[in-house]
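The data block below is work-v5.csv; it holds CSV, C-alpha atoms.
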```csv
chain,number,residue,atom,x,y,z
A,1,MET,CA,0.0,0.0,0.0
A,2,ASP,CA,1.2,3.5,-0.9
A,3,VAL,CA,1.7,5.4,2.3
A,4,VAL,CA,2.7,9.1,2.1
A,5,LYS,CA,4.3,10.6,5.2
A,6,VAL,CA,3.9,14.2,6.2
A,7,GLY,CA,6.7,15.6,8.5
A,8,MET,CA,6.5,18.3,11.1
A,9,ALA,CA,5.4,21.7,9.6
A,10,ASP,CA,4.6,20.1,6.3
A,11,LEU,CA,1.6,19.3,4.1
A,12,LYS,CA,0.8,17.0,1.3
A,13,ILE,CA,-2.1,16.0,-1.0
A,14,VAL,CA,-2.9,12.4,-2.0
A,15,LYS,CA,-5.6,10.5,-3.8
A,16,ASN,CA,-7.2,7.1,-3.6
A,17,PRO,CA,-5.8,4.5,-3.1
A,18,GLN,CA,-3.1,6.3,-1.2
A,19,ILE,CA,-2.9,6.5,2.6
A,20,ILE,CA,-1.6,9.7,4.2
A,21,THR,CA,0.0,9.8,7.7
A,22,THR,CA,1.8,11.9,10.2
A,23,LEU,CA,3.7,10.5,13.2
A,24,GLY,CA,4.0,11.6,16.7
A,25,LEU,CA,1.8,14.7,16.9
A,26,GLY,CA,2.2,16.4,20.2
A,27,SER,CA,1.2,20.0,20.6
A,28,CYS,CA,0.9,20.2,16.8
A,29,VAL,CA,-2.5,19.6,15.1
A,30,GLY,CA,-3.0,17.3,12.1
A,31,VAL,CA,-5.7,18.7,9.8
A,32,VAL,CA,-7.2,16.5,7.1
A,33,LEU,CA,-9.2,18.0,4.3
A,34,TYR,CA,-11.2,15.5,2.2
A,35,ASP,CA,-13.3,15.5,-0.9
A,36,PRO,CA,-15.3,12.3,-0.5
A,37,GLU,CA,-16.4,12.2,-4.2
A,38,LYS,CA,-13.0,12.7,-5.7
A,39,LYS,CA,-11.4,10.7,-2.9
A,40,LEU,CA,-8.8,13.3,-2.6
A,41,ALA,CA,-7.2,14.2,0.7
A,42,GLY,CA,-4.8,16.8,2.1
A,43,LEU,CA,-3.0,16.5,5.5
A,44,ALA,CA,-1.2,19.4,7.2
A,45,HIS,CA,1.0,19.0,10.3
A,46,ILE,CA,0.5,22.4,11.8
A,47,MET,CA,2.9,23.6,14.4
A,48,LEU,CA,1.8,27.2,15.3
A,49,PRO,CA,-1.5,29.1,15.3
A,50,ASP,CA,-0.6,32.4,13.6
A,51,SER,CA,2.0,33.3,10.9
A,52,ASN,CA,1.7,37.0,11.8
A,53,ASN,CA,3.5,36.4,15.1
A,54,SER,CA,6.6,34.8,13.5
A,55,LYS,CA,9.7,36.4,12.0
A,56,ASP,CA,9.8,33.8,9.2
A,57,ASN,CA,6.5,32.7,7.8
A,58,THR,CA,7.7,31.4,4.4
A,59,ASN,CA,6.7,27.9,5.2
A,60,LYS,CA,2.9,28.0,4.8
A,61,ALA,CA,2.4,24.5,6.1
A,62,LYS,CA,3.6,25.5,9.5
A,63,PHE,CA,0.8,27.9,10.6
A,64,ALA,CA,-3.0,27.4,10.9
A,65,ASP,CA,-3.8,30.6,9.2
A,66,THR,CA,-1.7,29.9,6.1
A,67,ALA,CA,-1.8,26.1,5.9
A,68,ILE,CA,-5.5,25.8,5.6
A,69,PRO,CA,-6.1,28.2,2.7
A,70,TYR,CA,-3.0,26.9,1.0
A,71,MET,CA,-4.2,23.3,1.3
A,72,ILE,CA,-7.7,24.2,0.0
A,73,ASP,CA,-6.0,25.9,-3.0
A,74,LEU,CA,-3.8,22.9,-3.8
A,75,MET,CA,-6.8,20.5,-3.5
A,76,LEU,CA,-9.0,22.7,-5.8
A,77,LYS,CA,-6.2,22.6,-8.4
A,78,LYS,CA,-6.3,18.8,-8.3
A,79,GLY,CA,-10.0,18.8,-9.0
A,80,ALA,CA,-11.6,18.9,-5.5
A,81,LYS,CA,-14.8,21.0,-5.1
A,82,LYS,CA,-14.8,23.5,-2.3
A,83,GLU,CA,-18.3,22.8,-1.2
A,84,ARG,CA,-17.6,19.1,-0.9
A,85,LEU,CA,-14.6,19.5,1.4
A,86,ILE,CA,-14.9,18.2,5.0
A,87,SER,CA,-12.3,18.1,7.7
A,88,LYS,CA,-11.1,15.8,10.5
A,89,ILE,CA,-8.6,17.1,13.0
A,90,ALA,CA,-6.4,15.5,15.7
A,91,GLY,CA,-3.6,16.5,18.1
A,92,GLY,CA,-3.1,19.7,20.1
A,93,ALA,CA,-2.0,17.9,23.3
A,94,GLN,CA,-0.4,19.6,26.2
A,95,MET,CA,2.6,17.3,26.6
A,96,PHE,CA,4.1,18.8,29.7
A,97,ASP,CA,2.3,19.8,32.8
A,98,PHE,CA,4.1,23.1,33.5
A,99,LYS,CA,3.1,25.2,36.4
A,100,GLY,CA,4.1,28.4,34.8
A,101,LYS,CA,2.0,30.7,32.8
A,102,SER,CA,4.1,30.6,29.7
A,103,ASP,CA,2.1,30.8,26.5
A,104,ILE,CA,4.1,28.2,24.7
A,105,MET,CA,3.0,25.6,27.2
A,106,LYS,CA,-0.6,26.1,26.1
A,107,ILE,CA,0.4,25.9,22.4
A,108,GLY,CA,-1.7,22.8,21.9
A,109,VAL,CA,-4.9,24.6,23.0
A,110,ARG,CA,-4.0,27.7,20.9
A,111,ASN,CA,-3.3,25.5,17.8
A,112,ILE,CA,-6.7,23.8,18.1
A,113,LYS,CA,-8.5,27.1,18.5
A,114,ALA,CA,-6.7,28.6,15.4
A,115,VAL,CA,-7.4,25.5,13.3
A,116,LYS,CA,-11.1,25.6,14.1
A,117,GLU,CA,-11.4,29.3,13.5
A,118,ASN,CA,-9.7,29.0,10.1
A,119,LEU,CA,-11.7,26.0,9.0
A,120,HIS,CA,-14.8,27.9,10.0
A,121,LYS,CA,-13.7,31.0,8.1
A,122,PHE,CA,-13.5,28.9,4.9
A,123,ASN,CA,-16.9,27.2,5.7
A,124,ILE,CA,-15.4,23.7,6.1
A,125,ASN,CA,-17.2,21.4,8.4
A,126,ILE,CA,-15.2,19.5,11.0
A,127,VAL,CA,-16.9,16.1,10.9
A,128,ALA,CA,-14.7,14.4,13.5
A,129,GLU,CA,-12.0,15.4,16.0
A,130,ASP,CA,-9.8,13.9,18.6
A,131,VAL,CA,-7.9,16.8,20.2
A,132,GLY,CA,-6.4,17.9,23.5
A,133,GLY,CA,-5.3,15.6,26.3
A,134,ASN,CA,-1.7,15.1,27.3
A,135,TYR,CA,-0.5,12.4,25.0
A,136,GLY,CA,1.0,12.0,21.5
A,137,ARG,CA,-0.9,10.8,18.5
A,138,THR,CA,0.0,9.1,15.2
A,139,ILE,CA,-2.7,9.6,12.6
A,140,GLU,CA,-3.4,7.9,9.3
A,141,PHE,CA,-6.1,8.8,6.8
A,142,ASN,CA,-7.5,6.4,4.3
A,143,THR,CA,-8.6,8.1,1.1
A,144,ASN,CA,-10.9,5.3,0.1
A,145,THR,CA,-12.9,4.9,3.3
A,146,GLY,CA,-12.5,8.5,4.6
A,147,LYS,CA,-11.6,7.1,8.1
A,148,LEU,CA,-8.9,8.7,10.3
A,149,THR,CA,-7.1,6.2,12.5
A,150,ILE,CA,-5.4,7.5,15.6
A,151,ARG,CA,-2.8,5.6,17.6
A,152,SER,CA,-1.5,6.6,21.0
A,153,LEU,CA,1.1,4.7,23.1
A,154,GLY,CA,-0.6,2.7,25.8
A,155,LYS,CA,-4.1,3.9,24.6
A,156,GLY,CA,-4.6,1.7,21.6
A,157,THR,CA,-6.1,2.7,18.3
A,158,LYS,CA,-9.3,4.5,17.4
A,159,GLU,CA,-11.1,5.4,14.3
A,160,ILE,CA,-13.0,8.7,13.7
B,161,MET,CA,16.1,29.8,8.5
B,162,ALA,CA,18.5,32.4,7.6
B,163,GLY,CA,18.3,33.7,11.1
B,164,ILE,CA,19.8,30.6,12.5
B,165,GLN,CA,22.5,29.9,10.0
B,166,LYS,CA,24.0,33.4,10.1
B,167,ASN,CA,27.3,33.7,11.8
B,168,ILE,CA,27.8,30.1,12.8
B,169,SER,CA,31.4,29.4,12.1
B,170,PRO,CA,33.6,26.4,12.9
B,171,THR,CA,34.9,28.3,15.9
B,172,HIS,CA,31.3,28.8,17.1
B,173,ILE,CA,30.6,25.1,16.7
B,174,ASP,CA,33.7,24.4,18.8
B,175,ILE,CA,32.4,26.7,21.5
B,176,LEU,CA,29.0,25.1,21.5
B,177,LYS,CA,30.7,21.6,21.7
B,178,GLU,CA,32.6,22.8,24.7
B,179,VAL,CA,29.4,24.1,26.3
B,180,GLY,CA,27.8,20.7,25.7
B,181,ASN,CA,30.9,19.0,27.1
B,182,ILE,CA,31.0,21.0,30.3
B,183,GLY,CA,27.2,21.0,30.9
B,184,ALA,CA,26.6,17.4,30.1
B,185,GLY,CA,29.8,16.4,31.9
B,186,ASN,CA,28.5,17.9,35.1
B,187,ALA,CA,25.1,16.3,34.6
B,188,ALA,CA,26.7,12.9,33.9
B,189,THR,CA,28.7,13.1,37.1
B,190,ALA,CA,25.5,14.0,39.0
B,191,LEU,CA,23.8,11.0,37.5
B,192,ALA,CA,26.7,8.7,38.3
B,193,GLN,CA,26.5,9.7,41.9
B,194,LEU,CA,22.7,9.3,42.0
B,195,ILE,CA,22.7,5.7,40.8
B,196,ASN,CA,26.2,4.8,41.9
B,197,LYS,CA,27.3,3.6,38.4
B,198,LYS,CA,29.9,4.7,36.0
B,199,ILE,CA,28.6,7.0,33.3
B,200,THR,CA,30.5,7.7,30.1
B,201,MET,CA,29.8,10.5,27.7
B,202,ARG,CA,30.4,10.8,24.0
B,203,VAL,CA,31.8,13.9,22.3
B,204,PRO,CA,28.9,16.4,21.9
B,205,GLU,CA,27.4,16.8,18.4
B,206,VAL,CA,26.5,20.3,17.3
B,207,ASN,CA,24.2,20.5,14.3
B,208,ILE,CA,21.7,22.7,12.7
B,209,MET,CA,19.0,20.3,11.7
B,210,SER,CA,15.4,20.2,10.4
B,211,PHE,CA,12.7,19.4,12.9
B,212,ASP,CA,12.3,15.9,11.4
B,213,GLU,CA,16.1,15.2,11.6
B,214,ILE,CA,16.2,16.2,15.3
B,215,ILE,CA,13.4,13.7,16.0
B,216,ASP,CA,15.3,11.0,14.1
B,217,VAL,CA,18.2,11.5,16.5
B,218,VAL,CA,16.1,9.9,19.2
B,219,GLY,CA,14.8,7.1,17.1
B,220,GLY,CA,12.1,8.7,15.0
B,221,PRO,CA,8.7,10.3,15.9
B,222,GLU,CA,7.0,7.2,17.3
B,223,ASN,CA,9.8,5.9,19.4
B,224,MET,CA,8.7,5.8,23.0
B,225,VAL,CA,10.9,7.8,25.3
B,226,ALA,CA,10.9,9.6,28.6
B,227,GLY,CA,11.5,13.3,28.2
B,228,ILE,CA,12.4,15.7,31.0
B,229,TYR,CA,12.1,19.2,29.8
B,230,LEU,CA,12.8,22.7,31.2
B,231,ARG,CA,13.2,26.2,30.0
B,232,PHE,CA,15.9,28.4,31.3
B,233,MET,CA,16.2,32.2,31.2
B,234,GLY,CA,18.7,34.8,32.1
B,235,GLY,CA,21.6,36.0,29.9
B,236,ILE,CA,20.7,33.2,27.6
B,237,ASP,CA,17.3,31.7,27.0
B,238,GLY,CA,16.8,28.2,25.9
B,239,ASN,CA,15.7,24.6,26.4
B,240,ILE,CA,17.2,21.6,28.2
B,241,LEU,CA,15.8,18.2,27.5
B,242,PHE,CA,16.9,14.8,28.7
B,243,ILE,CA,15.6,12.0,26.5
B,244,ILE,CA,15.9,8.4,27.8
B,245,PRO,CA,14.5,5.6,25.7
B,246,TYR,CA,11.6,3.8,27.4
B,247,ARG,CA,13.5,0.6,28.0
B,248,ASN,CA,16.3,2.5,29.7
B,249,THR,CA,13.8,4.4,31.8
B,250,LEU,CA,12.6,1.1,33.2
B,251,ASN,CA,16.2,0.1,34.0
B,252,LEU,CA,16.8,3.4,35.7
B,253,LEU,CA,13.7,2.9,37.9
B,254,ASP,CA,14.8,-0.6,38.6
B,255,ILE,CA,18.2,0.7,39.8
B,256,ILE,CA,16.5,3.2,42.1
B,257,PHE,CA,13.5,1.1,43.4
B,258,GLY,CA,14.7,-2.5,42.8
B,259,GLU,CA,13.5,-4.7,40.0
B,260,LYS,CA,9.9,-5.0,39.3
B,261,LYS,CA,7.8,-7.0,36.7
B,262,ARG,CA,6.1,-4.7,34.3
B,263,ASP,CA,3.9,-4.7,31.3
B,264,LEU,CA,5.1,-3.1,28.1
B,265,PHE,CA,3.8,0.5,28.0
B,266,CYS,CA,2.8,0.4,31.7
B,267,GLU,CA,1.6,3.4,33.5
B,268,PHE,CA,4.2,4.8,35.9
B,269,ASP,CA,3.1,5.3,39.5
B,270,PRO,CA,3.3,8.8,41.0
B,271,ILE,CA,6.4,7.9,43.0
B,272,GLU,CA,8.2,6.7,39.9
B,273,ARG,CA,7.2,9.8,38.0
B,274,SER,CA,8.3,12.1,40.7
B,275,ALA,CA,11.6,10.2,41.0
B,276,LEU,CA,12.2,10.7,37.3
B,277,ALA,CA,11.3,14.3,37.5
B,278,GLU,CA,13.6,14.8,40.4
B,279,ILE,CA,16.5,13.1,38.6
B,280,GLY,CA,15.7,15.5,35.7
B,281,ASN,CA,15.8,18.4,38.1
B,282,ILE,CA,19.2,17.4,39.5
B,283,LEU,CA,20.7,16.8,36.1
B,284,ALA,CA,19.3,19.9,34.6
B,285,GLY,CA,20.5,21.9,37.6
B,286,SER,CA,24.0,20.5,37.1
B,287,TYR,CA,24.0,21.1,33.3
B,288,LEU,CA,22.8,24.7,33.8
B,289,SER,CA,25.1,25.6,36.7
B,290,ALA,CA,28.1,24.4,34.6
B,291,ILE,CA,27.0,26.8,31.8
B,292,SER,CA,26.3,29.5,34.3
B,293,SER,CA,29.8,29.4,35.7
B,294,LEU,CA,31.4,29.1,32.3
B,295,THR,CA,29.6,32.2,31.0
B,296,LYS,CA,29.3,34.0,34.3
B,297,MET,CA,25.7,34.5,33.6
B,298,LEU,CA,22.8,33.8,36.0
B,299,LEU,CA,20.5,31.3,34.4
B,300,LYS,CA,17.2,30.5,36.0
B,301,PRO,CA,15.5,27.2,35.2
B,302,SER,CA,11.8,26.5,35.2
B,303,VAL,CA,10.5,23.5,37.2
B,304,PRO,CA,11.2,20.5,35.0
B,305,ALA,CA,8.3,18.6,33.5
B,306,LEU,CA,8.2,15.0,32.6
B,307,ALA,CA,6.4,13.2,29.7
B,308,ILE,CA,6.6,9.6,28.7
B,309,ASP,CA,5.4,9.4,25.1
B,310,MET,CA,6.3,9.4,21.4
B,311,ALA,CA,9.6,11.2,20.8
B,312,GLY,CA,8.0,13.4,18.1
B,313,ALA,CA,5.2,14.5,20.4
B,314,ILE,CA,7.7,15.4,23.2
B,315,LEU,CA,10.1,17.2,21.0
B,316,SER,CA,7.4,19.3,19.3
B,317,VAL,CA,7.2,21.4,22.4
B,318,PRO,CA,10.7,22.9,22.5
B,319,LEU,CA,10.9,23.0,18.7
B,320,THR,CA,7.9,25.3,18.7
B,321,TYR,CA,10.2,28.1,19.9
B,322,TYR,CA,12.2,27.6,16.7
B,323,GLY,CA,9.0,27.4,14.5
B,324,HIS,CA,8.7,31.1,14.9
B,325,VAL,CA,12.1,31.8,13.2
B,326,GLY,CA,12.5,29.0,10.7
B,327,ASP,CA,12.3,25.3,10.0
B,328,THR,CA,15.6,24.3,11.6
B,329,ALA,CA,17.0,24.3,15.1
B,330,LEU,CA,20.5,24.3,16.6
B,331,LEU,CA,20.9,21.1,18.7
B,332,ILE,CA,23.8,20.4,21.1
B,333,ASP,CA,23.4,16.7,21.7
B,334,THR,CA,25.5,14.7,24.1
B,335,VAL,CA,24.9,11.0,24.5
B,336,PHE,CA,25.5,9.4,27.9
B,337,GLU,CA,25.9,5.7,28.6
B,338,GLU,CA,26.2,3.6,31.6
B,339,GLY,CA,28.8,0.8,31.4
B,340,GLU,CA,26.5,-2.2,31.5
B,341,ASN,CA,24.3,-0.7,28.8
B,342,LEU,CA,21.4,-0.3,31.2
B,343,ILE,CA,21.1,3.4,30.9
B,344,LYS,CA,21.6,5.4,27.8
B,345,GLY,CA,20.2,8.7,26.7
B,346,HIS,CA,20.6,12.2,25.4
B,347,PHE,CA,21.3,15.5,27.0
B,348,PHE,CA,19.9,18.2,24.6
B,349,LEU,CA,20.6,21.8,24.8
B,350,ILE,CA,18.6,23.9,22.4
B,351,PRO,CA,19.4,27.6,22.9
B,352,ASP,CA,16.9,30.2,21.6
B,353,VAL,CA,18.1,32.0,18.5
B,354,ASP,CA,19.0,35.1,20.4
B,355,GLY,CA,20.4,32.8,23.1
B,356,TYR,CA,23.4,31.6,21.3
B,357,ASP,CA,24.4,35.0,20.1
B,358,ASN,CA,24.7,35.8,23.8
B,359,LEU,CA,26.6,32.6,24.4
B,360,PHE,CA,29.2,33.6,21.8
B,361,LEU,CA,29.5,37.0,23.3
B,362,ALA,CA,30.0,35.6,26.8
B,363,LEU,CA,32.6,33.1,25.7
B,364,GLY,CA,34.5,35.5,23.5
B,365,GLY,CA,34.1,33.7,20.2
B,366,VAL,CA,33.2,36.5,17.9
```
Is it possible to express this structure as structure tokens?
Amino acid sequence: MDVVKVGMADLKIVKNPQIITTLGLGSCVGVVLYDPEKKLAGLAHIMLPDSNNSKDNTNKAKFADTAIPYMIDLMLKKGAKKERLISKIAGGAQMFDFKGKSDIMKIGVRNIKAVKENLHKFNINIVAEDVGGNYGRTIEFNTNTGKLTIRSLGKGTKEI
Amino acid sequence: MAGIQKNISPTHIDILKEVGNIGAGNAATALAQLINKKITMRVPEVNIMSFDEIIDVVGGPENMVAGIYLRFMGGIDGNILFIIPYRNTLNLLDIIFGEKKRDLFCEFDPIERSALAEIGNILAGSYLSAISSLTKMLLKPSVPALAIDMAGAILSVPLTYYGHVGDTALLIDTVFEEGENLIKGHFFLIPDVDGYDNLFLALGGV
């Protein structure tokens, strides 16, 4: 089976029968966009909520506010229809239980919020999500079935 | 990315290696005393790497590890992270508490977790105080936090600091090993981008 891997701060587009995966999501959020009719899917491994707060925002895949429109664009170019796009999201954990008030420690929560806001902005429904918590996730999206499989260490596997 | 690569010369790399050597050396000594075993250290590696490459250093994104993480601030800001593979973490706990039968991917009990966090605290304190005396700068650590999970998930947290300035980070990596191969792990020092400029200034490598 053809499995395409997406690294940290990266995004890729695949089509049936390919599988797309990203490994070890922590505070980052994995965003899947899917056109069920074309069986075309995009996956972004988003690291930060907002490109405007960063000195270097050339990598569009890294930020929620740039990755989502960029991924929509790439998918439309490959024949997806905007009104058919749905989304599944996973990740955004708080890996370390810091006592401090540092913003960066709440990065998971901020990433989830930014991803949801940006999907909403482009009128894309989130049909399933597995976010938050304090553990890592590996996710795998099947372009044929539209199922997102989530694996966590010691917590087994679930499908959304 | 340009922000990171600017001004890093071979002399700078040597300075950073020396920082790793002294910091990790002090931490390794502290660990040896804690568990009463001989600990050896490899020569530190200093590299500017992509996020995915850094995660590969500890066995790839899904490799299960214990990570003890703290931020430090002062004349230099940055991150210290100890990464110990899961198997070695169990060995470390066995040395401290005596051997115990366990399931694979067991939950650690609160005493074990606090022991690991405390070890992290001591090692990080040793690492940091060595850098402090080397640079004559006061460096204040945060309370260390512990996570036992996939390496990618753990490393994503300190790497977030670098996400703001590029797609690479500067990693000072020192591998430590115990003689009977029970304990092995990494001391990571990941200074913030502004942090290592200050390091070079303090250590006179212009």
* Within 9 Å of Lys55 (chain A), counting all atoms listed in the file, which residues show up once you throw out same-chain ones fewer than 4 positions away? Write them as a PyMOL selection string, please. => (chain A and resi 51) or (chain B and resi 324-326)
Kindly export the residues of the current selection with C-alpha atoms, as an mmCIF file, keeping the file's coordinate frame.
```
data_model
loop_
_atom_site.group_PDB
_atom_site.id
_atom_site.type_symbol
_atom_site.label_atom_id
_atom_site.label_comp_id
_atom_site.auth_asym_id
_atom_site.auth_seq_id
_atom_site.Cartn_x
_atom_site.Cartn_y
_atom_site.Cartn_z
ATOM 1 C CA SER A 51 2.000 33.300 10.900
ATOM 2 C CA HIS B 324 8.700 31.100 14.900
ATOM 3 C CA VAL B 325 12.100 31.800 13.200
ATOM 4 C CA GLY B 326 12.500 29.000 10.700
#
```
* Using all atoms listed in the file, which of B:Gly234, B:Gly345, B:Pro304, B:Gly219 sits nearest chain A? ->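 Under the stated criterion, the closest residue is B:Pro304.
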* To do: Provide the CA of Met95 (chain A) to CA of Phe257 (chain B) distance in Å, to one decimal place.
  =>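 Atom-to-atom, CA of Met95 (chain A) and CA of Phe257 (chain B) are spaced 25.8 Å apart.
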* Asked: Which residues, protein or nucleic acid, reach to within 9 Å of (-9.2, 18.4, 6.0) in the file's coordinates when using all atoms listed in the file, and can you give that as a list in words?
  ->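 Every residue inside that radius is included here: Gly30, Val31, Val32, Leu33, Tyr34, Asp35, Ala41, Gly42, Leu43, Ala44, Ile68, Met71, Ile72, Leu85, Ile86, Ser87, Lys88, Ile89, Leu119, Ile124, Asn125 and Ile126 of chain A.
Minimum distance to chain A across B:Ile215, B:Leu306, B:Ile195, B:Ala362 (counting only C-alpha atoms) occurs at B:Leu306.
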* To do: Excluding Ile240 (chain B) and any residue of its chain fewer than 5 positions from it, enumerate the residues within 10 Å of it, using all atoms listed in the file, and give them as a list of chain:residue names.
  => B:Ile228, B:Tyr229, B:Leu230, B:Arg231, B:Phe232, B:Gly280, B:Leu283, B:Ala284, B:Gly285, B:Tyr287, B:Leu288, B:Pro301, B:Pro304, B:Pro318, B:Ile332, B:Phe347, B:Phe348, B:Leu349, B:Ile350, B:Pro351
* Rank A:Thr138, A:Thr157, A:Asn118, A:Asn123 by their smallest atom-to-atom distance to Val6 (chain A), using only C-alpha atoms, and report the top residue only. =>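 That would be A:Thr138, the residue with the smallest distance to Val6 (chain A).
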* Asked: Distance CA of Arg202 (chain B)-CA of Leu342 (chain B), one decimal place?
  ->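 Straight-line distance from CA of Arg202 (chain B) to CA of Leu342 (chain B) works out to 16.0 Å.
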* Determine which residues of chain A sit within 6 Å of chain B, taking into account only C-alpha atoms, and present them as a PyMOL selection string. => chain A and resi 23-26+54-56+96+136+154
* Do you have the CA of Gly238 (chain B)-CA of Val206 (chain B) distance handy? -> 15.2 Å
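When only C-alpha atoms are used to compute distances to Asp97 (chain A), the closest of the residues B:Ile173, B:Val335, B:Val217, B:Ala277 turns out to be B:Ala277.
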* Quick one: everything within 7 Å of Ile182 (chain B), counting all atoms listed in the file, minus sequence neighbours fewer than 4 positions away in the same chain. Send it as a PyMOL selection string. => chain B and resi 178+186+290
Could you turn the residues from that selection into a file that holds C-alpha atoms, as a short mmCIF file (atom, residue, chain, number, x, y, z; two decimals), in the frame of the given file?
```
data_model
loop_
_atom_site.label_atom_id
_atom_site.label_comp_id
_atom_site.auth_asym_id
_atom_site.auth_seq_id
_atom_site.Cartn_x
_atom_site.Cartn_y
_atom_site.Cartn_z
CA GLU B 178 32.60 22.80 24.70
CA ASN B 186 28.50 17.90 35.10
CA ALA B 290 28.10 24.40 34.60
#
```
* To do: Just give me the residues with any atom within 12 Å of (25.6, 36.6, 36.8), file coordinates, counting only C-alpha atoms, written as a list in words.
  =>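 Those residues lying close to the given coordinates are Met233, Gly234, Gly235, Ile236, Ser289, Ile291, Ser292, Ser293, Leu294, Thr295, Lys296, Met297, Leu298, Leu299, Lys300 and Ala362 of chain B.
Distances to Asp174 (chain B) were evaluated for B:Ile256, B:Ala226, B:Val203, B:Ala192 using only C-alpha atoms, and the minimum falls at B:Val203.
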